[in-house]
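Asks: Here it is, the structure in full.
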Amino acid sequence: MSQLPPGPAPSLGFSRPPPNFPSGAPGFANAPPPVGLPGSNLPVAPAPFAAAVPPAPKPTTKNGIPVDKQPLNTTPSRTVYVSNLNEKVKLDVMKNSLRTLFKQFGEVLDVVAHRNIRMRGQAFVAYPDEESADKAIKELQHFVLYDKPMVVQYSRNRSDVHAKKDGDYEIHYKARIARKEEVSKMPLPGSHKPTFKSSKPANKTSRGKGASQHSTAHIPDEYLPPNSILFLQNLPETITQQQLVDLFQRYPGFREVRTVPAKKSIAFVEYENEIQSAVARAELSGYLLGPDQALKVTFARK
(Lines give C-alpha, C1' and ligand atoms only; values in the text may rest on other atoms or scores of the structure.)
Protein backbone atom coordinates (compact mmCIF):
# COMPACT_ATOMS: atom_id res chain seq x y z
CA MET A 1 0.00 0.00 0.00
CA SER A 2 1.37 3.43 -0.91
CA GLN A 3 2.07 5.95 1.87
CA LEU A 4 1.83 9.73 1.89
CA PRO A 5 5.21 11.51 2.07
CA PRO A 6 6.14 13.14 5.40
CA GLY A 7 5.08 16.71 5.94
CA PRO A 8 1.89 18.67 6.59
CA ALA A 9 -1.34 17.13 5.48
CA PRO A 10 -2.63 18.45 2.16
CA SER A 11 -5.65 20.75 2.17
CA LEU A 12 -8.93 18.93 1.43
CA GLY A 13 -11.12 22.00 1.02
CA PHE A 14 -12.69 21.89 4.53
CA SER A 15 -12.62 24.88 6.88
CA ARG A 16 -13.06 22.41 9.73
CA PRO A 17 -12.65 18.65 9.85
CA PRO A 18 -15.41 16.44 8.45
CA PRO A 19 -17.72 14.69 10.95
CA ASN A 20 -16.04 12.02 13.12
CA PHE A 21 -12.55 13.20 12.06
CA PRO A 22 -10.08 12.55 14.97
CA SER A 23 -9.09 15.64 16.93
CA GLY A 24 -5.49 16.80 16.72
CA ALA A 25 -5.02 15.66 13.13
CA PRO A 26 -2.51 17.71 11.16
CA GLY A 27 -4.06 20.73 9.52
CA PHE A 28 -7.02 21.00 11.97
CA ALA A 29 -5.85 22.98 15.00
CA ASN A 30 -9.40 23.80 16.10
CA ALA A 31 -10.90 20.37 15.55
CA PRO A 32 -14.04 19.51 17.58
CA PRO A 33 -13.93 16.85 20.30
CA PRO A 34 -14.30 13.25 19.14
CA VAL A 35 -17.81 11.90 18.63
CA GLY A 36 -18.85 9.10 20.95
CA LEU A 37 -19.53 5.58 19.75
CA PRO A 38 -22.47 3.44 20.92
CA GLY A 39 -21.75 2.19 24.43
CA SER A 40 -19.13 4.86 25.22
CA ASN A 41 -19.42 7.80 27.64
CA LEU A 42 -18.50 10.36 25.02
CA PRO A 43 -21.19 12.76 23.79
CA VAL A 44 -22.94 11.87 20.56
CA ALA A 45 -23.10 14.69 18.01
CA PRO A 46 -26.29 15.17 16.00
CA ALA A 47 -26.26 14.18 12.35
CA PRO A 48 -25.01 17.13 10.26
CA PHE A 49 -27.74 19.10 8.45
CA ALA A 50 -30.43 16.64 9.60
CA ALA A 51 -32.87 19.43 10.41
CA ALA A 52 -32.34 21.10 7.04
CA VAL A 53 -33.55 18.11 4.98
CA PRO A 54 -37.32 18.36 4.32
CA PRO A 55 -39.40 15.20 4.72
CA ALA A 56 -40.08 13.31 1.51
CA PRO A 57 -43.57 13.98 0.12
CA LYS A 58 -46.08 11.17 0.50
CA PRO A 59 -46.73 9.46 -2.84
CA THR A 60 -50.22 9.71 -4.32
CA THR A 61 -49.72 6.56 -6.37
CA LYS A 62 -47.74 3.36 -5.96
CA ASN A 63 -46.94 1.32 -9.05
CA GLY A 64 -49.65 3.25 -10.87
CA ILE A 65 -52.24 2.49 -8.17
CA PRO A 66 -53.82 5.37 -6.22
CA VAL A 67 -52.99 5.64 -2.53
CA ASP A 68 -56.24 6.06 -0.64
CA LYS A 69 -56.82 9.16 1.47
CA GLN A 70 -58.21 6.96 4.23
CA PRO A 71 -57.69 3.30 5.18
CA LEU A 72 -59.81 0.78 3.33
CA ASN A 73 -62.90 -0.36 5.20
CA THR A 74 -62.39 -3.92 6.49
CA THR A 75 -65.74 -4.33 8.28
CA PRO A 76 -67.51 -7.14 6.40
CA SER A 77 -70.50 -6.14 4.30
CA ARG A 78 -72.67 -7.65 1.57
CA THR A 79 -71.92 -4.68 -0.67
CA VAL A 80 -68.62 -3.86 -2.39
CA TYR A 81 -67.66 -0.21 -2.87
CA VAL A 82 -65.67 0.35 -6.07
CA SER A 83 -63.72 3.56 -6.77
CA ASN A 84 -61.17 4.96 -9.24
CA LEU A 85 -63.33 3.97 -12.22
CA ASN A 86 -62.78 5.55 -15.62
CA GLU A 87 -65.20 8.48 -15.76
CA LYS A 88 -65.02 8.72 -19.55
CA VAL A 89 -66.81 5.39 -20.02
CA LYS A 90 -70.59 5.61 -20.53
CA LEU A 91 -72.54 4.82 -17.39
CA ASP A 92 -74.57 1.93 -18.82
CA VAL A 93 -71.42 0.38 -20.33
CA MET A 94 -69.58 0.66 -17.00
CA LYS A 95 -72.47 -0.90 -15.04
CA ASN A 96 -72.74 -3.83 -17.45
CA SER A 97 -68.98 -4.37 -17.29
CA LEU A 98 -69.00 -4.36 -13.49
CA ARG A 99 -71.91 -6.80 -13.38
CA THR A 100 -70.10 -9.19 -15.73
CA LEU A 101 -66.86 -8.86 -13.78
CA PHE A 102 -68.30 -9.30 -10.29
CA LYS A 103 -70.75 -12.12 -11.04
CA GLN A 104 -67.78 -14.50 -11.19
CA PHE A 105 -67.81 -14.50 -7.37
CA GLY A 106 -71.54 -14.80 -6.69
CA GLU A 107 -74.98 -13.58 -7.65
CA VAL A 108 -75.01 -9.82 -8.25
CA LEU A 109 -78.22 -8.36 -6.83
CA ASP A 110 -77.64 -4.79 -7.96
CA VAL A 111 -75.05 -2.40 -9.40
CA VAL A 112 -75.49 1.26 -8.46
CA ALA A 113 -73.53 4.06 -10.12
CA HIS A 114 -74.21 7.75 -10.76
CA ARG A 115 -72.77 10.50 -12.92
CA ASN A 116 -73.22 13.41 -10.51
CA ILE A 117 -70.09 15.28 -9.49
CA ARG A 118 -69.87 13.64 -6.06
CA MET A 119 -70.35 10.04 -7.21
CA ARG A 120 -68.71 9.82 -10.61
CA GLY A 121 -65.95 7.24 -10.85
CA GLN A 122 -67.60 5.16 -8.10
CA ALA A 123 -70.04 2.24 -7.90
CA PHE A 124 -71.63 -0.19 -5.46
CA VAL A 125 -72.04 -3.93 -6.17
CA ALA A 126 -74.50 -5.80 -3.92
CA TYR A 127 -74.17 -9.53 -3.19
CA PRO A 128 -76.58 -11.76 -1.21
CA ASP A 129 -73.83 -12.63 1.32
CA GLU A 130 -70.55 -11.37 2.78
CA GLU A 131 -68.57 -14.37 1.49
CA SER A 132 -69.11 -13.39 -2.14
CA ALA A 133 -68.12 -9.80 -1.39
CA ASP A 134 -64.97 -11.00 0.37
CA LYS A 135 -63.94 -13.13 -2.63
CA ALA A 136 -64.53 -10.27 -5.05
CA ILE A 137 -62.41 -7.85 -2.99
CA LYS A 138 -59.51 -10.30 -2.76
CA GLU A 139 -59.56 -11.18 -6.46
CA LEU A 140 -60.37 -7.80 -8.01
CA GLN A 141 -58.33 -5.40 -5.87
CA HIS A 142 -56.46 -3.12 -8.33
CA PHE A 143 -57.85 -4.98 -11.34
CA VAL A 144 -57.33 -2.71 -14.37
CA LEU A 145 -60.70 -1.86 -15.93
CA TYR A 146 -60.72 0.54 -18.89
CA ASP A 147 -57.09 1.53 -18.26
CA LYS A 148 -57.58 2.35 -14.55
CA PRO A 149 -56.87 0.10 -11.52
CA MET A 150 -59.99 -0.32 -9.40
CA VAL A 151 -59.92 0.18 -5.63
CA VAL A 152 -62.42 -2.18 -3.96
CA GLN A 153 -63.48 -2.46 -0.33
CA TYR A 154 -66.50 -3.21 1.84
CA SER A 155 -69.20 -0.56 1.63
CA ARG A 156 -69.72 1.47 4.81
CA ASN A 157 -73.47 1.72 4.15
CA ARG A 158 -76.11 -0.88 3.43
CA SER A 159 -77.60 -1.11 -0.06
CA ASP A 160 -81.29 -0.44 -0.75
CA VAL A 161 -81.72 -3.96 -2.10
CA HIS A 162 -80.54 -5.40 1.23
CA ALA A 163 -82.78 -3.10 3.25
CA LYS A 164 -85.79 -4.30 1.24
CA LYS A 165 -84.84 -7.92 1.87
CA ASP A 166 -84.28 -7.22 5.58
CA GLY A 167 -87.73 -5.57 5.88
CA ASP A 168 -86.64 -2.16 7.24
CA TYR A 169 -86.41 -0.17 4.03
CA GLU A 170 -88.39 2.86 5.32
CA ILE A 171 -86.00 3.40 8.25
CA HIS A 172 -83.02 2.80 5.97
CA TYR A 173 -84.35 5.24 3.37
CA LYS A 174 -84.88 8.05 5.89
CA ALA A 175 -81.35 7.58 7.24
CA ARG A 176 -79.93 7.63 3.70
CA ILE A 177 -81.75 10.86 2.84
CA ALA A 178 -80.45 12.45 6.05
CA ARG A 179 -76.87 11.47 5.11
CA LYS A 180 -77.40 12.83 1.62
CA GLU A 181 -78.50 16.20 2.99
CA GLU A 182 -75.42 16.37 5.19
CA VAL A 183 -73.14 15.52 2.29
CA SER A 184 -74.81 18.18 0.10
CA LYS A 185 -73.60 20.84 2.55
CA MET A 186 -69.97 19.82 2.04
CA PRO A 187 -67.80 21.52 -0.64
CA LEU A 188 -67.94 19.94 -4.08
CA PRO A 189 -64.86 18.08 -5.35
CA GLY A 190 -62.49 20.57 -6.97
CA SER A 191 -64.13 23.61 -5.33
CA HIS A 192 -60.77 24.46 -3.73
CA LYS A 193 -59.25 25.22 -7.14
CA PRO A 194 -58.43 28.87 -7.78
CA THR A 195 -60.80 31.00 -9.81
CA PHE A 196 -59.70 33.22 -12.67
CA LYS A 197 -60.41 36.94 -12.64
CA SER A 198 -59.76 39.66 -15.16
CA SER A 199 -56.59 41.65 -14.55
CA LYS A 200 -58.43 44.82 -15.59
CA PRO A 201 -60.50 46.70 -13.00
CA ALA A 202 -64.24 46.25 -13.37
CA ASN A 203 -66.08 49.15 -14.97
CA LYS A 204 -68.66 50.14 -12.39
CA THR A 205 -70.56 52.19 -14.94
CA SER A 206 -71.06 49.22 -17.27
CA ARG A 207 -74.59 47.89 -17.42
CA GLY A 208 -76.45 45.14 -19.17
CA LYS A 209 -75.19 42.23 -21.19
CA GLY A 210 -71.86 43.83 -22.11
CA ALA A 211 -70.80 44.13 -18.47
CA SER A 212 -71.63 40.48 -17.83
CA GLN A 213 -69.58 39.30 -20.80
CA HIS A 214 -66.62 41.45 -19.71
CA SER A 215 -66.57 39.78 -16.27
CA THR A 216 -65.86 36.37 -17.83
CA ALA A 217 -63.86 37.49 -20.86
CA HIS A 218 -60.52 36.30 -19.46
CA ILE A 219 -61.71 33.05 -17.85
CA PRO A 220 -60.73 29.84 -19.68
CA ASP A 221 -63.70 27.88 -21.03
CA GLU A 222 -63.17 24.98 -18.60
CA TYR A 223 -63.55 27.26 -15.55
CA LEU A 224 -66.58 29.32 -16.55
CA PRO A 225 -69.28 29.61 -13.86
CA PRO A 226 -72.41 27.42 -14.21
CA ASN A 227 -74.97 28.47 -16.79
CA SER A 228 -78.21 26.91 -18.00
CA ILE A 229 -76.82 27.26 -21.55
CA LEU A 230 -74.01 25.02 -22.78
CA PHE A 231 -71.51 25.95 -25.48
CA LEU A 232 -70.55 23.15 -27.90
CA GLN A 233 -67.30 23.18 -29.85
CA ASN A 234 -65.46 20.89 -32.24
CA LEU A 235 -68.63 19.74 -34.00
CA PRO A 236 -68.31 17.91 -37.33
CA GLU A 237 -69.31 19.98 -40.35
CA THR A 238 -71.85 17.30 -41.32
CA ILE A 239 -73.73 17.08 -37.99
CA THR A 240 -77.37 18.23 -38.04
CA GLN A 241 -79.40 20.09 -35.47
CA GLN A 242 -81.68 17.08 -35.04
CA GLN A 243 -78.71 14.85 -34.24
CA LEU A 244 -77.71 17.26 -31.46
CA VAL A 245 -81.29 17.34 -30.19
CA ASP A 246 -81.36 13.53 -30.06
CA LEU A 247 -78.07 13.55 -28.12
CA PHE A 248 -78.89 16.20 -25.52
CA GLN A 249 -82.61 15.64 -24.95
CA ARG A 250 -81.78 12.41 -23.11
CA TYR A 251 -81.02 14.51 -20.04
CA PRO A 252 -83.72 16.18 -17.89
CA GLY A 253 -84.57 19.86 -18.41
CA PHE A 254 -83.66 20.00 -22.10
CA ARG A 255 -85.16 22.99 -23.95
CA GLU A 256 -83.51 23.53 -27.32
CA VAL A 257 -80.42 23.42 -29.53
CA ARG A 258 -79.33 26.59 -31.31
CA THR A 259 -76.90 26.16 -34.20
CA VAL A 260 -74.81 28.85 -35.87
CA PRO A 261 -75.30 28.71 -39.67
CA ALA A 262 -72.15 30.72 -40.36
CA LYS A 263 -70.02 28.41 -38.21
CA LYS A 264 -71.16 24.80 -38.11
CA SER A 265 -68.46 23.68 -35.67
CA ILE A 266 -70.20 25.35 -32.69
CA ALA A 267 -73.71 25.35 -31.18
CA PHE A 268 -75.62 26.18 -27.99
CA VAL A 269 -77.85 23.91 -25.89
CA GLU A 270 -80.26 25.32 -23.31
CA TYR A 271 -81.66 23.59 -20.21
CA GLU A 272 -84.17 24.74 -17.61
CA ASN A 273 -81.55 25.38 -14.94
CA GLU A 274 -77.83 25.22 -14.20
CA ILE A 275 -78.00 21.90 -12.34
CA GLN A 276 -79.55 20.11 -15.30
CA SER A 277 -77.08 21.63 -17.75
CA ALA A 278 -74.21 20.57 -15.48
CA VAL A 279 -75.37 16.95 -15.65
CA ALA A 280 -75.44 17.00 -19.45
CA ARG A 281 -72.05 18.72 -19.53
CA ALA A 282 -70.48 16.07 -17.29
CA GLU A 283 -72.01 13.23 -19.33
CA LEU A 284 -71.18 14.44 -22.84
CA SER A 285 -67.91 16.32 -22.44
CA GLY A 286 -65.41 14.41 -24.58
CA TYR A 287 -68.14 12.41 -26.35
CA LEU A 288 -66.77 11.05 -29.63
CA LEU A 289 -68.73 12.33 -32.61
CA GLY A 290 -66.29 10.85 -35.10
CA PRO A 291 -62.80 9.37 -35.36
CA ASP A 292 -60.50 11.50 -33.19
CA GLN A 293 -63.19 14.19 -32.88
CA ALA A 294 -64.20 14.65 -29.24
CA LEU A 295 -67.06 17.01 -28.41
CA LYS A 296 -66.05 19.95 -26.19
CA VAL A 297 -68.85 21.04 -23.85
CA THR A 298 -68.51 24.04 -21.54
CA PHE A 299 -70.85 26.51 -19.89
CA ALA A 300 -71.66 29.47 -22.12
CA ARG A 301 -70.28 32.84 -21.12
CA LYS A 302 -72.84 34.97 -19.35
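We label chains A, B, ... in the order they appear in the C-alpha coordinates, count residues from 1 in each chain, and number ligands from 1 in the order shown.
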Can you tell me which residues surround Thr79 (chain A) at a distance of at most 8 Å, considering only C-alpha atoms, apart from same-chain residues fewer than 3 positions away, and format the answer as a PDB file with N, CA and C atoms, in the first residue's frame?
Replies:
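Saved file selection_24.pdb follows:
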```
ATOM      1  N   PHE A 124     -71.359   0.742  -6.551  1.00  0.00           N
ATOM      2  CA  PHE A 124     -71.633  -0.195  -5.462  1.00  0.00           C
ATOM      3  C   PHE A 124     -72.176  -1.489  -6.073  1.00  0.00           C
ATOM      4  N   VAL A 125     -71.614  -2.612  -5.663  1.00  0.00           N
ATOM      5  CA  VAL A 125     -72.041  -3.927  -6.167  1.00  0.00           C
ATOM      6  C   VAL A 125     -72.573  -4.731  -4.986  1.00  0.00           C
ATOM      7  N   ALA A 126     -73.850  -5.114  -5.035  1.00  0.00           N
ATOM      8  CA  ALA A 126     -74.498  -5.803  -3.918  1.00  0.00           C
ATOM      9  C   ALA A 126     -74.550  -7.309  -4.170  1.00  0.00           C
ATOM     10  N   TYR A 127     -74.103  -8.069  -3.178  1.00  0.00           N
ATOM     11  CA  TYR A 127     -74.171  -9.529  -3.193  1.00  0.00           C
ATOM     12  C   TYR A 127     -75.191  -9.997  -2.142  1.00  0.00           C
ATOM     13  N   GLU A 130     -71.854 -11.985   2.577  1.00  0.00           N
ATOM     14  CA  GLU A 130     -70.549 -11.374   2.782  1.00  0.00           C
ATOM     15  C   GLU A 130     -69.417 -12.194   2.149  1.00  0.00           C
ATOM     16  N   ALA A 133     -68.783 -11.111  -1.382  1.00  0.00           N
ATOM     17  CA  ALA A 133     -68.124  -9.795  -1.389  1.00  0.00           C
ATOM     18  C   ALA A 133     -66.651  -9.935  -1.024  1.00  0.00           C
ATOM     19  N   TYR A 154     -65.135  -3.054   1.339  1.00  0.00           N
ATOM     20  CA  TYR A 154     -66.498  -3.211   1.840  1.00  0.00           C
ATOM     21  C   TYR A 154     -67.179  -1.841   1.903  1.00  0.00           C
ATOM     22  N   SER A 155     -68.446  -1.810   1.541  1.00  0.00           N
ATOM     23  CA  SER A 155     -69.202  -0.563   1.634  1.00  0.00           C
ATOM     24  C   SER A 155     -69.481  -0.241   3.102  1.00  0.00           C
ATOM     25  N   ARG A 158     -75.335   0.227   3.969  1.00  0.00           N
ATOM     26  CA  ARG A 158     -76.108  -0.883   3.427  1.00  0.00           C
ATOM     27  C   ARG A 158     -76.811  -0.471   2.141  1.00  0.00           C
ATOM     28  N   SER A 159     -76.939  -1.389   1.196  1.00  0.00           N
ATOM     29  CA  SER A 159     -77.605  -1.114  -0.058  1.00  0.00           C
ATOM     30  C   SER A 159     -79.114  -1.148   0.111  1.00  0.00           C
TER      31      SER A 159
END
```
Asks: Any idea what's packed within 8 Å of Arg156 (chain A), counting only C-alpha atoms, ignoring anything in its chain fewer than 3 positions away? Could you give it as a list in words?
Replies: Asn73, Thr75 and Ser77 of chain A
Asks: Using only C-alpha atoms, which of the listed residues (A:Asp129, A:Glu87, A:Tyr169, A:Asp160) sits closest to Tyr287 (chain A)?
Replies: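 Between A:Asp129, A:Glu87, A:Tyr169, A:Asp160, the residue approaching Tyr287 (chain A) most closely is A:Glu87.
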Asks: To one decimal in Å, tell me the separation between CA of Val80 (chain A) and CA of Ile137 (chain A).
Replies: 7.4 Å
